[in-house]
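Colleague: The file below is data.csv, CSV, C-alpha atoms:
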```csv
chain,number,residue,atom,x,y,z
L,1,MET,CA,-11.8,2.0,9.8
L,2,LYS,CA,-15.1,1.0,8.6
L,3,HIS,CA,-14.3,-2.3,6.9
L,4,SER,CA,-12.5,-5.5,7.7
L,5,LYS,CA,-9.3,-6.5,5.9
L,6,LYS,CA,-10.0,-10.2,6.6
L,7,ASN,CA,-12.0,-10.4,3.3
L,8,ILE,CA,-9.0,-9.1,1.5
L,9,ALA,CA,-6.8,-11.9,2.8
L,10,LYS,CA,-9.5,-14.5,1.8
L,11,THR,CA,-9.5,-13.1,-1.7
L,12,TYR,CA,-5.7,-13.3,-1.8
L,13,LEU,CA,-5.6,-16.9,-0.8
L,14,LEU,CA,-8.3,-17.9,-3.3
L,15,SER,CA,-7.3,-16.0,-6.4
L,16,ALA,CA,-4.0,-14.2,-5.8
L,17,ILE,CA,-5.4,-10.9,-7.3
L,18,ILE,CA,-5.6,-7.4,-5.9
L,19,LEU,CA,-8.9,-6.6,-4.3
L,20,PHE,CA,-9.9,-3.0,-4.1
L,21,SER,CA,-12.3,-1.9,-1.3
L,22,THR,CA,-15.2,0.4,-2.2
L,23,SER,CA,-16.1,1.5,1.3
L,24,THR,CA,-13.3,4.1,1.7
L,25,PHE,CA,-12.6,7.4,-0.1
L,26,ALA,CA,-10.3,5.6,-2.5
L,27,ASP,CA,-9.7,2.0,-3.4
L,28,THR,CA,-7.4,0.5,-0.8
L,29,ILE,CA,-4.0,-0.1,-2.3
L,30,ASN,CA,-2.8,-3.6,-1.7
L,31,MET,CA,0.5,-5.5,-2.0
L,32,PHE,CA,1.3,-9.1,-1.4
L,33,TRP,CA,4.0,-10.2,1.0
L,34,LYS,CA,5.5,-13.6,1.5
L,35,ILE,CA,8.1,-15.3,3.7
L,36,ASN,CA,10.4,-17.9,2.1
L,37,ASN,CA,10.1,-20.3,5.1
L,38,ASN,CA,10.5,-23.7,3.4
L,39,ASN,CA,7.8,-25.2,5.6
L,40,LYS,CA,9.5,-24.0,8.8
L,41,LYS,CA,7.1,-22.7,11.6
L,42,ILE,CA,7.0,-18.9,11.9
L,43,ASN,CA,7.0,-17.6,15.4
L,44,ASN,CA,7.5,-13.9,14.7
L,45,LEU,CA,7.2,-11.5,11.8
L,46,THR,CA,8.9,-8.2,11.2
L,47,PHE,CA,7.5,-5.5,8.9
L,48,ARG,CA,9.4,-2.2,8.2
L,49,ILE,CA,7.8,1.0,7.0
L,50,LYS,CA,9.4,4.3,6.2
L,51,ILE,CA,7.2,7.4,5.9
L,52,ASN,CA,9.0,10.0,3.8
L,53,GLU,CA,6.1,12.4,3.4
L,54,SER,CA,2.7,12.5,5.0
L,55,ALA,CA,0.5,15.5,6.2
L,56,PRO,CA,-0.2,15.6,9.9
L,57,HIS,CA,-3.9,14.6,9.5
L,58,ASP,CA,-6.1,11.7,10.6
L,59,GLN,CA,-6.5,10.3,7.1
L,60,PHE,CA,-4.2,7.5,6.1
L,61,PHE,CA,-3.4,4.0,7.5
L,62,PHE,CA,-0.2,2.2,6.4
L,63,SER,CA,-0.5,-1.4,7.6
L,64,ASN,CA,0.5,-5.0,7.3
L,65,GLN,CA,-1.9,-7.9,7.7
L,66,PHE,CA,-1.0,-11.3,9.0
L,67,SER,CA,-2.8,-14.6,9.7
L,68,PHE,CA,-2.4,-17.9,11.4
L,69,THR,CA,-2.0,-21.6,10.4
L,70,GLY,CA,-4.2,-24.1,12.1
L,71,ASN,CA,-7.6,-22.5,12.6
L,72,GLY,CA,-6.8,-19.4,10.6
L,73,GLY,CA,-7.9,-15.9,11.4
L,74,ASP,CA,-6.3,-12.5,10.6
L,75,GLY,CA,-4.8,-9.5,12.3
L,76,TYR,CA,-3.0,-6.4,11.3
L,77,ILE,CA,-0.3,-4.1,12.6
L,78,GLY,CA,0.5,-0.6,11.3
L,79,ILE,CA,0.7,3.2,11.7
L,80,GLN,CA,-1.5,6.3,11.2
L,81,PRO,CA,-0.2,9.9,11.0
L,82,ARG,CA,-2.0,12.1,13.4
L,83,GLU,CA,-2.5,15.9,14.0
L,84,ASN,CA,0.7,17.5,15.4
L,85,LEU,CA,0.9,18.3,19.1
L,86,SER,CA,0.3,21.8,20.2
L,87,ASN,CA,4.1,22.3,20.3
L,88,GLY,CA,4.3,21.3,16.6
L,89,LYS,CA,5.8,17.9,17.3
L,90,ARG,CA,4.8,15.1,14.9
L,91,VAL,CA,3.1,12.0,16.3
L,92,TYR,CA,1.6,8.7,15.1
L,93,ARG,CA,-1.0,6.3,16.3
L,94,VAL,CA,0.1,2.6,16.0
L,95,LEU,CA,-2.4,-0.2,15.9
L,96,PHE,CA,-2.4,-4.0,16.5
L,97,SER,CA,-5.6,-5.9,16.0
L,98,SER,CA,-7.1,-9.3,15.7
L,99,PHE,CA,-10.3,-10.4,13.8
L,100,ARG,CA,-10.4,-13.8,15.6
L,101,ALA,CA,-13.6,-14.2,17.7
L,102,ASP,CA,-11.6,-16.1,20.3
L,103,SER,CA,-9.0,-13.4,20.8
L,104,LYS,CA,-8.9,-11.6,24.2
L,105,PRO,CA,-7.1,-8.4,25.2
L,106,ARG,CA,-4.2,-8.8,27.6
L,107,HIS,CA,-2.8,-5.3,27.7
L,108,LYS,CA,-3.9,-1.8,28.8
L,109,ASN,CA,-3.7,-0.5,25.3
L,110,CYS,CA,-6.3,-3.1,24.0
L,111,TYR,CA,-10.0,-3.7,24.2
L,112,GLN,CA,-12.5,-6.2,22.9
L,113,GLY,CA,-13.9,-5.8,19.4
L,114,ALA,CA,-12.4,-4.9,16.0
L,115,ASP,CA,-13.5,-2.7,13.1
L,116,GLY,CA,-17.0,-2.3,14.4
L,117,SER,CA,-17.5,-5.9,15.4
L,118,PRO,CA,-17.9,-7.1,19.0
L,119,ASN,CA,-15.5,-10.0,18.1
L,120,GLY,CA,-11.8,-9.6,17.9
L,121,THR,CA,-9.4,-7.4,19.8
L,122,THR,CA,-8.1,-3.9,19.0
L,123,CYS,CA,-4.9,-2.3,20.4
L,124,SER,CA,-5.1,1.4,19.4
L,125,GLN,CA,-4.3,3.5,22.4
L,126,LEU,CA,-0.6,4.1,21.8
L,127,ILE,CA,0.6,7.4,20.4
L,128,ILE,CA,4.3,7.7,19.6
L,129,PRO,CA,6.6,10.6,18.5
L,130,GLY,CA,8.3,10.4,15.2
L,131,GLU,CA,9.7,12.4,12.3
L,132,LEU,CA,9.5,12.0,8.5
L,133,GLY,CA,12.2,9.8,7.0
L,134,GLU,CA,12.4,7.5,10.0
L,135,ILE,CA,11.9,3.7,9.7
L,136,TYR,CA,9.4,1.9,11.9
L,137,SER,CA,9.9,-1.8,12.5
L,138,PHE,CA,6.7,-3.6,13.4
L,139,ARG,CA,7.0,-7.0,15.0
L,140,VAL,CA,4.4,-9.7,15.7
L,141,ASP,CA,5.4,-12.4,18.2
L,142,LYS,CA,3.4,-15.6,19.0
L,143,PHE,CA,4.4,-17.4,22.1
L,144,ASN,CA,2.1,-20.2,23.2
L,145,ASN,CA,-1.4,-18.6,23.2
L,146,GLU,CA,-0.2,-15.0,23.5
L,147,VAL,CA,0.4,-12.7,20.5
L,148,THR,CA,2.4,-9.4,21.0
L,149,GLY,CA,2.8,-6.4,18.7
L,150,THR,CA,5.7,-4.0,19.1
L,151,VAL,CA,7.0,-1.1,17.2
L,152,THR,CA,10.7,0.1,17.1
L,153,ASN,CA,11.9,3.4,15.7
L,154,GLU,CA,15.1,2.3,14.0
L,155,THR,CA,16.4,5.8,13.9
L,156,THR,CA,16.0,6.7,17.6
L,157,GLY,CA,16.0,3.2,19.1
L,158,ARG,CA,12.7,3.7,20.9
L,159,LYS,CA,10.7,0.5,21.3
L,160,ASP,CA,7.0,0.3,22.5
L,161,ILE,CA,4.6,-2.5,23.1
L,162,ILE,CA,1.5,-1.7,21.0
L,163,GLY,CA,-0.5,-4.4,22.7
L,164,LYS,CA,-1.1,-8.1,23.5
L,165,TRP,CA,-3.9,-10.5,23.0
L,166,THR,CA,-4.5,-14.2,23.4
L,167,VAL,CA,-5.9,-16.8,21.0
L,168,SER,CA,-7.2,-20.3,21.5
L,169,ASP,CA,-5.3,-23.6,21.4
L,170,SER,CA,-6.6,-24.2,17.9
L,171,VAL,CA,-4.2,-21.6,16.5
L,172,ASP,CA,-0.8,-22.9,15.5
L,173,SER,CA,2.0,-20.6,14.1
L,174,LEU,CA,2.0,-17.4,12.0
L,175,LYS,CA,1.3,-17.9,8.3
L,176,ASN,CA,3.9,-17.0,5.6
L,177,ASN,CA,1.9,-14.8,3.4
L,178,ASN,CA,-0.8,-12.1,3.4
L,179,VAL,CA,-1.2,-8.4,2.2
L,180,SER,CA,0.1,-5.0,3.1
L,181,TRP,CA,-2.0,-1.9,2.3
L,182,VAL,CA,-2.6,1.8,2.3
L,183,GLU,CA,-6.1,2.9,3.4
L,184,GLY,CA,-7.8,6.3,3.6
L,185,TYR,CA,-10.6,6.2,6.2
L,186,THR,CA,-12.1,9.7,6.3
L,187,GLY,CA,-14.5,9.8,3.3
L,188,LYS,CA,-14.4,11.0,-0.2
L,189,PRO,CA,-11.7,13.6,-0.8
L,190,LYS,CA,-11.4,16.5,-3.1
L,191,CYS,CA,-8.8,15.9,-5.8
L,192,ASP,CA,-6.3,18.5,-4.6
L,193,TYR,CA,-3.8,19.1,-1.8
L,194,ASN,CA,-6.4,20.1,0.8
L,195,GLY,CA,-8.5,17.1,0.2
L,196,TRP,CA,-5.8,14.5,-0.4
L,197,PRO,CA,-2.4,15.7,0.7
L,198,TYR,CA,0.6,14.0,-0.7
L,199,TYR,CA,2.1,11.0,1.0
L,200,GLU,CA,5.2,8.9,0.2
L,201,VAL,CA,5.7,5.6,2.1
L,202,GLU,CA,8.0,2.6,1.7
L,203,PHE,CA,7.0,-0.9,2.5
L,204,PHE,CA,10.2,-3.0,2.8
L,205,ASN,CA,10.5,-6.7,2.4
L,206,PRO,CA,9.3,-8.6,5.6
L,207,SER,CA,11.3,-11.1,7.6
L,208,ALA,CA,10.5,-13.8,10.1
L,209,ASN,CA,12.0,-15.8,13.0
L,210,ASP,CA,14.3,-13.0,14.2
L,211,GLU,CA,15.1,-12.1,10.6
L,212,LYS,CA,16.6,-15.5,9.9
L,213,LEU,CA,13.9,-16.0,7.2
L,214,ASN,CA,13.7,-13.5,4.4
L,215,GLY,CA,10.6,-12.4,2.5
L,216,THR,CA,9.4,-10.4,-0.5
L,217,MET,CA,6.9,-7.5,-1.0
L,218,SER,CA,5.1,-7.3,-4.3
L,219,GLY,CA,4.4,-4.1,-6.2
L,220,ILE,CA,0.9,-2.9,-6.6
L,221,GLN,CA,0.8,-4.9,-9.9
L,222,LYS,CA,-0.4,-2.0,-12.2
L,223,ASN,CA,-0.8,1.7,-12.5
L,224,TYR,CA,-3.3,2.8,-10.0
L,225,ASP,CA,-5.8,5.7,-10.1
L,226,SER,CA,-8.2,6.6,-7.4
L,227,LYS,CA,-11.8,6.1,-8.6
L,228,TRP,CA,-12.4,9.6,-7.2
L,229,CYS,CA,-9.6,11.2,-9.2
L,230,PRO,CA,-9.6,9.4,-12.6
L,231,ASN,CA,-6.8,9.9,-15.0
L,232,MET,CA,-4.9,12.1,-12.6
L,233,ARG,CA,-2.3,9.4,-11.6
L,234,ALA,CA,-3.2,10.1,-8.0
L,235,VAL,CA,-1.1,7.1,-6.9
L,236,LYS,CA,2.2,6.0,-8.3
L,237,SER,CA,4.6,3.3,-7.1
L,238,ILE,CA,8.2,2.0,-7.6
L,239,HIS,CA,9.0,-1.6,-6.9
L,240,ASP,CA,12.5,-3.1,-6.5
L,241,ASN,CA,14.3,-5.9,-4.6
L,242,THR,CA,14.0,-4.0,-1.3
L,243,GLY,CA,10.2,-3.5,-1.4
L,244,THR,CA,7.7,-1.0,-2.7
L,245,LEU,CA,7.5,2.8,-2.6
L,246,ILE,CA,4.1,4.3,-2.9
L,247,LYS,CA,3.4,8.0,-3.7
L,248,GLY,CA,-0.2,9.2,-3.3
L,249,GLY,CA,-2.2,12.3,-3.4
L,250,PHE,CA,-1.3,15.9,-4.4
L,251,LYS,CA,1.6,18.1,-3.5
L,252,LYS,CA,1.0,21.6,-2.0
L,253,PRO,CA,0.9,24.2,-4.8
L,254,SER,CA,3.9,26.6,-4.9
L,255,ASN,CA,3.4,30.2,-3.9
L,256,LYS,CA,4.9,31.5,-7.1
```
Can the structure from this file be put into structure tokens for me?
Modeller:
Amino acid sequence: MKHSKKNIAKTYLLSAIILFSTSTFADTINMFWKINNNNKKINNLTFRIKINESAPHDQFFFSNQFSFTGNGGDGYIGIQPRENLSNGKRVYRVLFSSFRADSKPRHKNCYQGADGSPNGTTCSQLIIPGELGEIYSFRVDKFNNEVTGTVTNETTGRKDIIGKWTVSDSVDSLKNNNVSWVEGYTGKPKCDYNGWPYYEVEFFNPSANDEKLNGTMSGIQKNYDSKWCPNMRAVKSIHDNTGTLIKGGFKKPSNK
């Protein structure tokens, strides 16, 4: 990725409007999430994503951003479809990063720096198997100064540590709101299947504190068109009480 999502969170906190990035091929699609915590401290967050359709290309990032109380700061956790293996098996890259300057890597999957900055920590070395239609549960745990990101395939039961990093004593607990988003990170596409293959992904309502606290995921607020493909309804969404389904891009033409 070429741009930081921490500015998105700041905009959300200040004005509660959707901010669209201009540095990627299409405006980043954002939703707001919130945990109904009634002022209780949040020690862990769980985000669930289901990828119904997505081409096996290094092109899209489906992610959830989180932040901290106390001295603030942001991080994100999410999943990117990748090229299939040589045997045709589908795989995904999972990521867990911090924008905080005081964060330090504490796992083999992690390294210093985030989104082009020497500050922060990125955990992006893990590639996992998966199939379309499976649900991935992403969990962020803060225990003392250590923050851990894990992913669980709810269909197969496979669980992996994405990474771990530490933060300073100035950080308190996890905050109860932020944004989730879909980002394309490979440059301006052509407005067809080859340039922007169809994806369909569900962002379910988040939860916290071992799912004892429930949350909500907003819709994308309005009909959304990519600035590169105006008036083509390149992105559509459906929002209900379980979360938000986003459909983007163009389906493969039939051979008729």
Colleague: Pick out the closest residue to L:Ser168 from this set: L:Ser103, L:Thr155, L:Ser218, L:Asn241. Count all atoms listed in the file.
Modeller: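 Of the candidates, the smallest distance to L:Ser168 is held by L:Ser103.
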Colleague: Rounded to one decimal in Å, what is the spacing between atom CA of L:Phe250 and atom CA of L:Asn178?
Modeller: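 Interatomic distance here is 29.1 Å.
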Colleague: For L:Ile238, find every residue with an atom within 12 Å (counting all atoms listed in the file), except residues of its own chain fewer than 2 positions away, and show them as a ChimeraX atom specification.
Modeller: /L:200-204,217-224,235-236,240-248
Colleague: As a VMD selection string, please: the residues near L:Gly130 (cut-off 12 Å, all atoms listed in the file, same-chain neighbours under 3 positions excluded).
Modeller: chain L and resid 50 to 52 54 56 79 to 82 84 to 85 88 to 94 127 133 to 136 151 to 159
Colleague: Taking only C-alpha atoms into account, name the residue in L:Trp165, L:Phe138, L:Phe61, L:Tyr198 that is nearest to L:Arg48.
Modeller: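 Using only C-alpha atoms, the shortest distance to L:Arg48 belongs to L:Phe138.
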Colleague: Pick from L:Asn194, L:Thr216, L:Asn109, L:Asn44: nearest to L:Phe68, with all atoms listed in the file counted?
Modeller: L:Asn44
Colleague: Go through L:Gly187, L:Pro105, L:Gly113, L:Gly149 and flag the residue nearest L:Leu126, using all atoms listed in the file for the distances.
Modeller: L:Gly149
Colleague: State, in Å with one decimal place, the distance from atom CA of L:Phe99 to atom CA of L:Phe62.
Modeller: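 A separation of 17.8 Å between them.
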Colleague: Which value, in Å to one decimal, gives the distance between atom CA of L:Gln65 and atom CA of L:Gly195?
Modeller: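 Calculated distance between atom CA of L:Gln65 and atom CA of L:Gly195 is 26.9 Å.
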Colleague: Could you tell me which of L:Thr46, L:Asn205, L:Thr186, L:Ser97 comes closest to L:Asp115 if we count only C-alpha atoms?
Modeller: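 The answer is L:Ser97, which sits nearest to L:Asp115.
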